[in-house]
There are 4 protein chains.
Amino acid sequence: MADSKKPQLWSKGAELNALVHRFTVDQDYLLDARLFRFDCLASAAHARMLGHVDLLSEAQVRALCDALHGLYISPLSISPEQEDCHTAIEQALTAALGDAGKRIHVARSRNDQVLTALRLLLRHESHAISEKLAACTAALLRFATRFELSLMPGYTHLQRAMPSSFGLWAQGFAEGLLEELDASAGLLIRLDRCPLGAAAGFGVPLAIDREYSAALLAFSAVQRAPTDCMNSRGRHEQALLDWLCSIAHTLEKLAWDLVLYSSQEFDLIRLPDAFTTGSSIMPNKRNPDVAELLRAHCRAIAGYGDSHRRVMSGLPSSYHRDFQLGKAPLLAAIASMHEMLSVLLELIPQITPQLENAKARCDDALYATHAAYAKVAGGMSFRDAYQATAAELQSGAMDATAFKVSDARANRFGLHAAHVALAAHQARIETLQSATQTHLNRVWFSD
Amino acid sequence: MADSKKPQLWSKGAELNALVHRFTVDQDYLLDARLFRFDCLASAAHARMLGHVDLLSEAQVRALCDALHGLYISPLSISPEQEDCHTAIEQALTAALGDAGKRIHVARSRNDQVLTALRLLLRHESHAISEKLAACTAALLRFATRFELSLMPGYTHLQRAMPSSFGLWAQGFAEGLLEELDASAGLLIRLDRCPLGAAAGFGVPLAIDREYSAALLAFSAVQRAPTDCMNSRGRHEQALLDWLCSIAHTLEKLAWDLVLYSSQEFDLIRLPDAFTTGSSIMPNKRNPDVAELLRAHCRAIAGYGDSHRRVMSGLPSSYHRDFQLGKAPLLAAIASMHEMLSVLLELIPQITPQLENAKARCDDALYATHAAYAKVAGGMSFRDAYQATAAELQSGAMDATAFKVSDARANRFGLHAAHVALAAHQARIETLQSATQTHLNRVWFSD
Amino acid sequence: MADSKKPQLWSKGAELNALVHRFTVDQDYLLDARLFRFDCLASAAHARMLGHVDLLSEAQVRALCDALHGLYISPLSISPEQEDCHTAIEQALTAALGDAGKRIHVARSRNDQVLTALRLLLRHESHAISEKLAACTAALLRFATRFELSLMPGYTHLQRAMPSSFGLWAQGFAEGLLEELDASAGLLIRLDRCPLGAAAGFGVPLAIDREYSAALLAFSAVQRAPTDCMNSRGRHEQALLDWLCSIAHTLEKLAWDLVLYSSQEFDLIRLPDAFTTGSSIMPNKRNPDVAELLRAHCRAIAGYGDSHRRVMSGLPSSYHRDFQLGKAPLLAAIASMHEMLSVLLELIPQITPQLENAKARCDDALYATHAAYAKVAGGMSFRDAYQATAAELQSGAMDATAFKVSDARANRFGLHAAHVALAAHQARIETLQSATQTHLNRVWFSD
Amino acid sequence: MADSKKPQLWSKGAELNALVHRFTVDQDYLLDARLFRFDCLASAAHARMLGHVDLLSEAQVRALCDALHGLYISPLSISPEQEDCHTAIEQALTAALGDAGKRIHVARSRNDQVLTALRLLLRHESHAISEKLAACTAALLRFATRFELSLMPGYTHLQRAMPSSFGLWAQGFAEGLLEELDASAGLLIRLDRCPLGAAAGFGVPLAIDREYSAALLAFSAVQRAPTDCMNSRGRHEQALLDWLCSIAHTLEKLAWDLVLYSSQEFDLIRLPDAFTTGSSIMPNKRNPDVAELLRAHCRAIAGYGDSHRRVMSGLPSSYHRDFQLGKAPLLAAIASMHEMLSVLLELIPQITPQLENAKARCDDALYATHAAYAKVAGGMSFRDAYQATAAELQSGAMDATAFKVSDARANRFGLHAAHVALAAHQARIETLQSATQTHLNRVWFSD
């Protein structure tokens, strides 16, 4: 193969020593495995657009799309010499098709190419993670429904505060995740712009049709200014990361509670054996390692988010090679989130509330607010009722029997509405995913 | 005043020593000045709801709303002894109204009270910052229109890359900010849930009507699970902070360019005298301090965002006093953003492109891509054209004259569409702001 | 006063509008109150050096030093118009002394001036915080000695693991803080270089004697390259912040334990009433707010550290105005640490172990490792002993009586050595502080 | 092999499903390759100590040390089933030696085992990185010496400020790195405590001799309290990371300058061809990718530092599984730093100052401070001289000829002293490294 001696697209013949090559490639040839198929898609759309404006012949377009479809179905592994997926794909096309392969890079740059592949990945992941998130939310809502009336102490400051239920505890997390599903809409608005054709950030001196390729890739619009396309490197990735961090903010609380509530001291839940591990020194232990790692992954995701922001900011406008190092934290955070949600989906239904113990911990003092409010209902002002109840508590005169009976909490907190909201999200996500996939598949076979 | 000996709402008489008091109050009594009016609003809505469900008399509601309106119009300063705005307001109500003041705290806790006040503040700020952001975007688009055809080198890697224009440079930032205006819609979805009535996180054992107070406060819906309300402390603040960080990501590039392009070496722009300062040792200097501080504020905002995430996460579910420390970075970031946008609004129209110098820096090599594409248009494959042009460049044979003439770039990048998009946003923001304000004003005077 | 119309040192007469002035001054005029006295000291040393190399007369030096001493004893408040302590001091000198005041700024720049003042502050704070840290460590060691043999369960993964004691628990934190006292030596090495005379980063074209002023300010050496002086802005501040973050890493664990162990479920300690607070809704609550705020301050300090690193990095070499924004997180973190240590010093002696309850939680299973080791002592391999003990535990056959008796842990973990190490540190810190202060006082009265 | 069905040390027979196993193992089996040899060393020291206190026979100790030495020389790869290096090593020992292998885990836990291996790795890396750092510093000092008198403009705020030299520019970075070499001493103090024998954080109920194993592993002392050992997980790693971040703070400025100064606009240096790359679209480009990636790695290292702090903090005292996730950022930061220093070592000598161009940029205005100081030398006060020079500059009356001649700056900034300081560090590091290695080698062959 003629190109084998100068595999870099930009090679002008100078020898790069091995150290520099390794440093500049870094992990890119591995990380780009995640981008490979998205770059095939974007390249096919680009080829069709070039055909549409007569920069490629119909036959060339067809040949390129067929070859790209083959790579999409059976992605190649990328060698360190190839550096990234873009070179690997172009080399494969040139090897297979000769001249047509050498023509595909007209009217684009690796800068807009990687932006487009990343944008497709971000959109794909926002769908995929939403789907898993909805599944976890469903698991939480099923748990909440099952234990809606199962009493447990509600804690504030880790102190027993007021009566709560296992249902309300689980519903809290479900509602938090439902808000993230709401928020995914805002994320998709950001992502719904196609940067392809921005080239190196200043457009191309050719009459191309950016709307054409944007539509093929299922974007509602072109990302207009090519300068903005370059400046947006990192911005969309960060928007996804911020969303993941917000999801993690809720999951961390769940994981923390799993660790805390399964301690012998709280003893409010039991975790399934398969999700706990032993100690290398103490035969008596069953440790909540999975819950602890879930908790740690939430902090790790926050770390990826911060790291990404650091790497991708602090620079003048336009493209800088620094951007390459943003891929690692982005892809790591996505992988972490997928794993967490998969684990949680298995774990949630297997959490066993310790119902008797939970009930036993609901002592009379937990009903102090009820007692104060009973006095309010009898006409006392709240502040006076508060002081009076505090005095009763201290003297042991408070009797909570009546409140315990009356505190039926069935459907008090809109659990049904949460189920309805989730169903709507699940329908929306399914539609989005299948519509997008159907649309993208047309890239290969249209005309 | 009878209450002077037990100013804390929760006082049970024990003496807190001064050190502990100072430590627990921290800056809260100062920071809460920003929440004061929002707490008045929320308290009035709460009072009306209590009247609606017969926990307050009509006369008490009227008295409370009138007193709260007075405080809203003329906020009090909060003393360190009062700790926070909630105590300051309740003390003022009790001092003025006696028994009615002692009744207002029924069916709520400081936990949902501060959540509600913060939610109102976040919504208010998302409107106010959007408005200023739109104004800055307008300034950038006016600049872009004025200098749409004024040539400057486009840089990548800080190396001259391809011909660009001052217009395209400025449009890039405007488009980035337009995306933030788009994104504000997603933020508002998150914020549009009322936490009032969640109390300490487990609801209240009274028949209250949360939808009623939510509607009064111009929220579309109640934030259902009280457990989620508590878990969401920090989540909504973070969503606003993430948005500010994303805005800062774009502004940082603008500020960096202002510093770089006004250096003697780049000399592409001049900054107005009023925005530069001198040196205490070197009489020859005019330093771009304002642009540097803008740049630094962008990093500071990222720092506030990270700090807030740190402080507000890492905890089991429910309320913890730790949350108090999240107010400082939130309010600091909001203040920074306001100042930055105010400064930029003044600065942008006064940036003076150095047109001649910019043109002079557009040497022939800048048109190498044009030359390669001309060969492509003539039938050569891009890869061959690329190599041929590189060879011409090296031998000095490349002639760029033709490309310089043909590179009229008028309206090539959708500048008009950007103006249209901005106008739509400006209309939307104005409507939102005035509708919300009108709605909220009804809290005082309804019935 | 003639200078009143051009208060900025660098004023060249152009009007700065109020907005820009407020933006560039920011909080500096407030924050610089912390630097005021250090700048007086450094200015006096600078004046003496100028006298030493005949750039000031003896009389001018004396007048300046006397005036500076007056300002050192009675610092002025800095007005927003003055911007920072440097201008405030120079204006005061010029107002009092006329020509001599206008002469003091020769051979220095505000750049090395602020570096020097900060360096003095950092050294001062590393001494002052070490002193408080040693006092807290002493309190922890006294607690450890008092409860050395008081049994409590040792937890790993929040699960009961092996027998421990309240003494060992407290000693752990004390040892962590002792390591920080060790580490302060490394910090002081970094700080022990004087940047004065670096001017704007390129030295001054005058025959000054930097060793002379360095020695007056009690530095062992000059920070040689003026370019390094500028590049080091942020580096020394960060070194102190990293140290504070490491201290906070240990204090956070202590604060977390205080919250957790004082919950009704763990019930291992009681916190004094003065360090807990009540709830605004629940009359039954006493919340560990102080411990929670200590915990949150530890995360806030980490946030200040990260924020500072963000603001102070990401820039080419030499001075940039961005640096100004590093002061706020630095000073905030120092203030936080002082408050935390003051609170802990009061709190630690008042922590009351719940001895009976702690003992009751030490069930037989806690001695499983002991049982396995007893088998090892009898000749079994550890892995076999581990499996055998696990089987006994499951069948209920394990008897821990013997182990409970034999587990006397007096002085097993070097508590005495910790006391000795602390005493050495306390002596060292006291010597350092008084020697430095004595040395610095000579600035005013030498010759 | 009998153990093949229960490969986890703590296996009690329950099935872990594949998902959970993958989640809990994560990347540990890969990351632990870096710890493998350190764990062999620590295990050999532990075996010797067990022999010393008669918990192992002399023959068992010899057999274990021989087998461990074999593993040290030829490390095994760790399978996902083995999870970590500790299990892999223990399994290999048990497979080779039978009963002796099952005996080695007595009197330790994986908790202190991983702490000890990490401590050895941290000490090793602090030596190894110091060595490379010294080599880079040497390269910078050679550059500084070579170009000590080569004039270039000194910039502040990216504005031309005062005359500087390429030598002074490079010396600045060298001095910054010398400070890091100074600081490594403080780091080593922290690391010089042996945690082995802390077991799970509460010691072991056996008469072991921790001083004995500490001495074998070349530690000056035991880390006394086992509770502190557990609490210190993350603290020592963070200390190394903080040091790397501080190094990166200096390197980032160097890398930034390389990018900026090699732009066509500044044109102060040329980077060697082998360290620049081309563009995929623009045949005219040679981009400073290596310098940009160096710059980005500096931010990435800061990100690893922050991420590590996040993951390792926020927890009560004692061991939690969360700690596992701290390994990845720690090892990634170390690898980044090694690569950066290797690249810089090659790059620094190949930086070519553009001497003529640099000189040409030193215009008269650059000597304004000199002019003002000449007036001061003539008796004028600095403030008056400053104003007078500013006026001369504006009117064009300033003549810099005399200052240009007189500004010979040979050895003005202690370059020789820097060389001397470096030589001392190099000798110290070499001694430290070889002494430690010699000491550690005795583990295998002592007795």
# chains A, B, ... in the order shown; residues from 1 in each chain; ligands from 1
call {"tool": "closest_atom_pairs", "arguments": {"of": "chain A", "to": "chain D", "cutoff": "6 Å", "atoms": "only C-alpha atoms", "output": "tab-separated table"}}
result
residue	atom	partner	partner_atom	distance
A:Leu9	CA	D:Ser280	CA	5.7
A:Trp10	CA	D:Gly278	CA	4.9
A:Leu16	CA	D:Ala274	CA	4.7
A:Ser109	CA	D:Ile281	CA	5.2
A:Ala274	CA	D:Leu16	CA	4.7
A:Gly278	CA	D:Trp10	CA	4.9
A:Ser279	CA	D:Trp10	CA	5.4
A:Ser280	CA	D:Trp10	CA	5.1
A:Ile281	CA	D:Ser109	CA	5.3
A:Asp289	CA	D:Arg321	CA	5.6
A:Glu292	CA	D:Asp322	CA	5.5
A:Leu293	CA	D:Asp322	CA	5.2
A:Ala296	CA	D:Asp322	CA	4.9
A:Arg299	CA	D:Val311	CA	5.4
A:Ala300	CA	D:Val311	CA	5.9
A:Gly303	CA	D:Ser307	CA	4.1
A:Ser307	CA	D:Gly303	CA	4.2
A:Val311	CA	D:Arg299	CA	5.5
A:Arg321	CA	D:Asp289	CA	5.7
A:Asp322	CA	D:Ala296	CA	4.9
call {"tool": "write_last_selection", "arguments": {"atoms": "all heavy atoms", "output": "compact mmCIF listing (two decimals), in the first residue's frame"}}
result
# COMPACT_ATOMS: atom_id res chain seq x y z
N LEU A 9 -2.46 11.74 7.92
CA LEU A 9 -3.10 12.51 6.85
C LEU A 9 -2.28 13.72 6.47
O LEU A 9 -2.30 14.17 5.34
CB LEU A 9 -4.47 13.00 7.32
CG LEU A 9 -5.54 11.94 7.61
CD1 LEU A 9 -6.82 12.63 7.99
CD2 LEU A 9 -5.73 11.05 6.39
N TRP A 10 -1.62 14.28 7.45
CA TRP A 10 -0.95 15.56 7.24
C TRP A 10 0.54 15.38 7.00
O TRP A 10 1.28 16.36 6.98
CB TRP A 10 -1.17 16.44 8.47
CG TRP A 10 -1.04 15.65 9.73
CD1 TRP A 10 -2.05 15.09 10.46
CD2 TRP A 10 0.16 15.25 10.37
NE1 TRP A 10 -1.55 14.40 11.52
CE2 TRP A 10 -0.21 14.48 11.50
CE3 TRP A 10 1.52 15.48 10.12
CZ2 TRP A 10 0.75 13.92 12.34
CZ3 TRP A 10 2.46 14.93 10.97
CH2 TRP A 10 2.07 14.15 12.07
N LEU A 16 8.89 11.74 12.58
CA LEU A 16 8.58 12.04 13.98
C LEU A 16 9.20 10.95 14.82
O LEU A 16 9.01 9.76 14.54
CB LEU A 16 7.08 12.02 14.21
CG LEU A 16 6.31 13.26 13.86
CD1 LEU A 16 4.85 13.07 14.23
CD2 LEU A 16 6.86 14.47 14.60
N SER A 109 -12.46 19.04 7.55
CA SER A 109 -11.18 18.95 8.24
C SER A 109 -11.36 17.93 9.35
O SER A 109 -12.49 17.57 9.70
CB SER A 109 -10.83 20.32 8.81
OG SER A 109 -9.87 20.21 9.83
N ALA A 274 -25.15 -11.47 46.92
CA ALA A 274 -24.35 -11.34 45.70
C ALA A 274 -23.78 -9.93 45.55
O ALA A 274 -22.89 -9.71 44.75
CB ALA A 274 -25.18 -11.70 44.48
N GLY A 278 -16.65 -10.21 51.37
CA GLY A 278 -16.08 -10.49 52.67
C GLY A 278 -14.80 -9.74 52.93
O GLY A 278 -14.38 -8.89 52.14
N SER A 279 -14.19 -10.03 54.07
CA SER A 279 -12.93 -9.40 54.44
C SER A 279 -11.82 -10.43 54.35
O SER A 279 -12.04 -11.61 54.58
CB SER A 279 -13.04 -8.88 55.87
OG SER A 279 -11.76 -8.81 56.48
N SER A 280 -10.60 -9.99 54.03
CA SER A 280 -9.49 -10.93 53.92
C SER A 280 -8.95 -11.31 55.29
O SER A 280 -8.20 -12.24 55.44
CB SER A 280 -8.37 -10.32 53.08
OG SER A 280 -7.65 -9.35 53.82
N ILE A 281 -9.33 -10.56 56.33
CA ILE A 281 -8.82 -10.87 57.66
C ILE A 281 -9.92 -11.27 58.62
O ILE A 281 -9.73 -12.11 59.48
CB ILE A 281 -7.99 -9.66 58.21
CG1 ILE A 281 -7.51 -9.91 59.64
CG2 ILE A 281 -8.76 -8.38 58.16
CD1 ILE A 281 -6.57 -8.83 60.19
N ASP A 289 -19.69 -3.63 49.57
CA ASP A 289 -18.72 -3.08 48.61
C ASP A 289 -19.39 -2.48 47.37
O ASP A 289 -18.96 -1.45 46.86
CB ASP A 289 -17.74 -4.16 48.15
CG ASP A 289 -16.81 -4.58 49.26
OD1 ASP A 289 -17.32 -5.11 50.28
OD2 ASP A 289 -15.60 -4.40 49.11
N GLU A 292 -20.75 0.83 48.14
CA GLU A 292 -19.65 1.78 48.34
C GLU A 292 -19.04 2.19 47.00
O GLU A 292 -18.68 3.36 46.79
CB GLU A 292 -18.58 1.16 49.22
CG GLU A 292 -18.99 0.99 50.69
CD GLU A 292 -17.95 0.21 51.47
OE1 GLU A 292 -17.79 -1.00 51.21
OE2 GLU A 292 -17.26 0.83 52.31
N LEU A 293 -18.90 1.21 46.10
CA LEU A 293 -18.32 1.56 44.79
C LEU A 293 -19.29 2.42 43.98
O LEU A 293 -18.86 3.32 43.24
CB LEU A 293 -17.93 0.29 44.04
CG LEU A 293 -16.65 -0.36 44.59
CD1 LEU A 293 -16.47 -1.76 44.02
CD2 LEU A 293 -15.42 0.50 44.25
N ALA A 296 -18.71 5.78 45.28
CA ALA A 296 -17.43 6.32 44.81
C ALA A 296 -17.49 6.69 43.33
O ALA A 296 -16.91 7.69 42.91
CB ALA A 296 -16.31 5.31 45.06
N ARG A 299 -18.75 10.13 42.87
CA ARG A 299 -17.71 11.17 43.05
C ARG A 299 -16.73 11.15 41.88
O ARG A 299 -16.24 12.19 41.45
CB ARG A 299 -16.97 10.97 44.36
CG ARG A 299 -17.88 11.11 45.59
CD ARG A 299 -17.14 11.45 46.86
NE ARG A 299 -16.19 10.46 47.30
CZ ARG A 299 -16.48 9.26 47.80
NH1 ARG A 299 -17.75 8.87 47.90
NH2 ARG A 299 -15.54 8.45 48.19
N ALA A 300 -16.44 9.95 41.38
CA ALA A 300 -15.52 9.87 40.24
C ALA A 300 -16.10 10.59 39.03
O ALA A 300 -15.39 11.28 38.30
CB ALA A 300 -15.22 8.40 39.91
N GLY A 303 -15.58 14.07 39.36
CA GLY A 303 -14.18 14.32 39.04
C GLY A 303 -13.95 14.37 37.54
O GLY A 303 -13.21 15.23 37.04
N SER A 307 -12.55 17.58 35.59
CA SER A 307 -11.32 17.41 34.81
C SER A 307 -11.56 17.83 33.36
O SER A 307 -10.72 18.48 32.74
CB SER A 307 -10.89 15.94 34.83
OG SER A 307 -10.47 15.57 36.11
N VAL A 311 -9.60 20.73 31.28
CA VAL A 311 -8.82 20.48 30.06
C VAL A 311 -9.37 21.28 28.89
O VAL A 311 -8.60 21.78 28.06
CB VAL A 311 -8.81 18.97 29.74
CG1 VAL A 311 -8.30 18.71 28.34
CG2 VAL A 311 -7.96 18.22 30.76
N ARG A 321 -4.84 21.71 20.03
CA ARG A 321 -4.66 20.27 20.18
C ARG A 321 -5.01 19.79 21.58
O ARG A 321 -5.30 18.60 21.78
CB ARG A 321 -3.21 19.90 19.82
CG ARG A 321 -2.90 18.42 19.87
CD ARG A 321 -3.64 17.62 18.79
NE ARG A 321 -3.36 16.21 18.85
CZ ARG A 321 -2.47 15.58 18.10
NH1 ARG A 321 -1.80 16.24 17.18
NH2 ARG A 321 -2.26 14.28 18.23
N ASP A 322 -4.97 20.72 22.54
CA ASP A 322 -5.34 20.38 23.92
C ASP A 322 -6.64 19.59 24.00
O ASP A 322 -6.82 18.76 24.90
CB ASP A 322 -5.53 21.65 24.77
CG ASP A 322 -4.41 22.66 24.68
OD1 ASP A 322 -4.13 23.12 23.55
OD2 ASP A 322 -3.83 23.00 25.72
call {"tool": "select_by_dssp", "arguments": {"residues": "segment 159-263 of chain D", "states": "alpha helix (DSSP H)", "output": "PyMOL selection string"}}
result
chain D and resi 166-191+210-216+226-231+235-261
call {"tool": "residues_around", "arguments": {"residues": "Ala372 of chain B", "least_positions_apart": "4", "cutoff": "10 Å", "atoms": "only C-alpha atoms", "output": "list in words"}}
result
Val106 of chain A; Tyr367, Ala368, Val376, Ala377, Gly378, Met380, Ser381, Phe382, Arg383, Asp384, Ala385, Tyr386, Gln387, Ala388, Thr389 and Ala390 of chain B; Ile281, Met282 and Pro283 of chain D
call {"tool": "residues_around", "arguments": {"residues": "Gly51 of chain A", "least_positions_apart": "4", "cutoff": "12 Å", "atoms": "only C-alpha atoms", "output": "MDAnalysis selection string"}}
result
chainID A and resid 44:47 55:65 100 103:104 106 208:209 212:213 447
call {"tool": "residues_around", "arguments": {"residues": "Cys362 of chain A", "least_positions_apart": "4", "cutoff": "7 Å", "atoms": "only C-alpha atoms", "output": "ChimeraX atom specification"}}
result
/A:152-153,163,358,366
call {"tool": "write_last_selection", "arguments": {"atoms": "N, CA, C and O atoms", "output": "PDB file, in the first residue's frame"}}
result
ATOM      1  N   MET A 152     -40.931   3.744  58.295  1.00  0.00           N
ATOM      2  CA  MET A 152     -39.525   3.829  58.730  1.00  0.00           C
ATOM      3  C   MET A 152     -39.316   5.234  59.273  1.00  0.00           C
ATOM      4  O   MET A 152     -40.073   6.151  58.943  1.00  0.00           O
ATOM      5  N   PRO A 153     -38.296   5.432  60.122  1.00  0.00           N
ATOM      6  CA  PRO A 153     -38.073   6.791  60.602  1.00  0.00           C
ATOM      7  C   PRO A 153     -37.512   7.642  59.464  1.00  0.00           C
ATOM      8  O   PRO A 153     -36.670   7.179  58.686  1.00  0.00           O
ATOM      9  N   PRO A 163     -42.009  10.485  61.093  1.00  0.00           N
ATOM     10  CA  PRO A 163     -42.291   9.203  60.455  1.00  0.00           C
ATOM     11  C   PRO A 163     -42.232   9.312  58.936  1.00  0.00           C
ATOM     12  O   PRO A 163     -42.693  10.304  58.359  1.00  0.00           O
ATOM     13  N   ALA A 358     -37.452  -1.367  61.481  1.00  0.00           N
ATOM     14  CA  ALA A 358     -37.741   0.017  61.094  1.00  0.00           C
ATOM     15  C   ALA A 358     -38.884   0.571  61.933  1.00  0.00           C
ATOM     16  O   ALA A 358     -38.833   1.713  62.404  1.00  0.00           O
ATOM     17  N   LEU A 366     -40.793  10.740  67.597  1.00  0.00           N
ATOM     18  CA  LEU A 366     -40.888  10.972  66.153  1.00  0.00           C
ATOM     19  C   LEU A 366     -42.188  11.691  65.785  1.00  0.00           C
ATOM     20  O   LEU A 366     -42.301  12.268  64.700  1.00  0.00           O
TER      21      LEU A 366
END
call {"tool": "residues_around", "arguments": {"residues": "Ser317 of chain D", "least_positions_apart": "5", "cutoff": "7 Å", "atoms": "only C-alpha atoms", "output": "ChimeraX atom specification"}}
result
/C:253-254,257 /D:231
call {"tool": "write_last_selection", "arguments": {"atoms": "all heavy atoms", "output": "PDB file, in the first residue's frame"}}
result
ATOM      1  N   LYS C 253     -12.961  13.514  58.544  1.00  0.00           N
ATOM      2  CA  LYS C 253     -13.291  12.191  59.079  1.00  0.00           C
ATOM      3  C   LYS C 253     -13.745  12.305  60.541  1.00  0.00           C
ATOM      4  O   LYS C 253     -14.694  11.643  60.958  1.00  0.00           O
ATOM      5  CB  LYS C 253     -12.074  11.268  58.979  1.00  0.00           C
ATOM      6  CG  LYS C 253     -11.723  10.907  57.547  1.00  0.00           C
ATOM      7  CD  LYS C 253     -10.454  10.092  57.462  1.00  0.00           C
ATOM      8  CE  LYS C 253     -10.035   9.882  56.023  1.00  0.00           C
ATOM      9  NZ  LYS C 253     -10.991   9.053  55.246  1.00  0.00           N
ATOM     10  N   LEU C 254     -13.067  13.152  61.293  1.00  0.00           N
ATOM     11  CA  LEU C 254     -13.470  13.380  62.675  1.00  0.00           C
ATOM     12  C   LEU C 254     -14.887  13.949  62.726  1.00  0.00           C
ATOM     13  O   LEU C 254     -15.755  13.460  63.470  1.00  0.00           O
ATOM     14  CB  LEU C 254     -12.469  14.344  63.339  1.00  0.00           C
ATOM     15  CG  LEU C 254     -12.820  14.892  64.718  1.00  0.00           C
ATOM     16  CD1 LEU C 254     -13.128  13.790  65.715  1.00  0.00           C
ATOM     17  CD2 LEU C 254     -11.689  15.773  65.256  1.00  0.00           C
ATOM     18  N   ASP C 257     -17.503  11.393  61.811  1.00  0.00           N
ATOM     19  CA  ASP C 257     -17.728  10.451  62.916  1.00  0.00           C
ATOM     20  C   ASP C 257     -18.578  11.082  64.004  1.00  0.00           C
ATOM     21  O   ASP C 257     -19.431  10.422  64.602  1.00  0.00           O
ATOM     22  CB  ASP C 257     -16.384  10.004  63.504  1.00  0.00           C
ATOM     23  CG  ASP C 257     -15.678   8.971  62.632  1.00  0.00           C
ATOM     24  OD1 ASP C 257     -16.196   8.644  61.542  1.00  0.00           O
ATOM     25  OD2 ASP C 257     -14.595   8.500  63.026  1.00  0.00           O
TER      26      ASP C 257
ATOM     27  N   ASN D 231      -7.033   5.993  57.984  1.00  0.00           N
ATOM     28  CA  ASN D 231      -7.434   7.371  57.664  1.00  0.00           C
ATOM     29  C   ASN D 231      -6.486   8.023  56.665  1.00  0.00           C
ATOM     30  O   ASN D 231      -6.854   8.977  55.991  1.00  0.00           O
ATOM     31  CB  ASN D 231      -7.479   8.218  58.945  1.00  0.00           C
ATOM     32  CG  ASN D 231      -8.612   7.815  59.863  1.00  0.00           C
ATOM     33  OD1 ASN D 231      -9.490   7.047  59.479  1.00  0.00           O
ATOM     34  ND2 ASN D 231      -8.594   8.325  61.085  1.00  0.00           N
TER      35      ASN D 231
END
call {"tool": "residues_around", "arguments": {"residues": "Gln159 of chain D", "least_positions_apart": "2", "cutoff": "7 Å", "atoms": "only C-alpha atoms", "output": "list of chain:residue names"}}
result
B:Ser263, B:Gln264, B:Asn287, D:Tyr155, D:Thr156, D:His157, D:Ala161
call {"tool": "atom_distance", "arguments": {"atom1": "atom CA of Ala328 of chain B", "atom2": "atom CA of Leu35 of chain B"}}
result
12.1 Å
call {"tool": "closest_residue", "arguments": {"among": "D:Leu206, D:Leu217, D:Ile429, D:Met337", "to": "His370 of chain C", "atoms": "only C-alpha atoms"}}
result
D:Leu206
call {"tool": "select_by_dssp", "arguments": {"residues": "segment 188-296 of chain B", "states": "strand (DSSP E or B)", "output": "number ranges by chain"}}
result
B: 193-194, 221-222, 269-270, 277, 287
call {"tool": "closest_residue", "arguments": {"among": "D:Arg190, D:Pro205, D:Leu241, D:Gln171", "to": "Cys229 of chain C", "atoms": "only C-alpha atoms"}}
result
D:Gln171
call {"tool": "atom_distance", "arguments": {"atom1": "atom CA of Ala332 of chain B", "atom2": "atom CA of Leu251 of chain B"}}
result
17.3 Å
call {"tool": "atom_distance", "arguments": {"atom1": "atom CA of Glu175 of chain C", "atom2": "atom CA of Ile247 of chain C"}}
result
11.3 Å
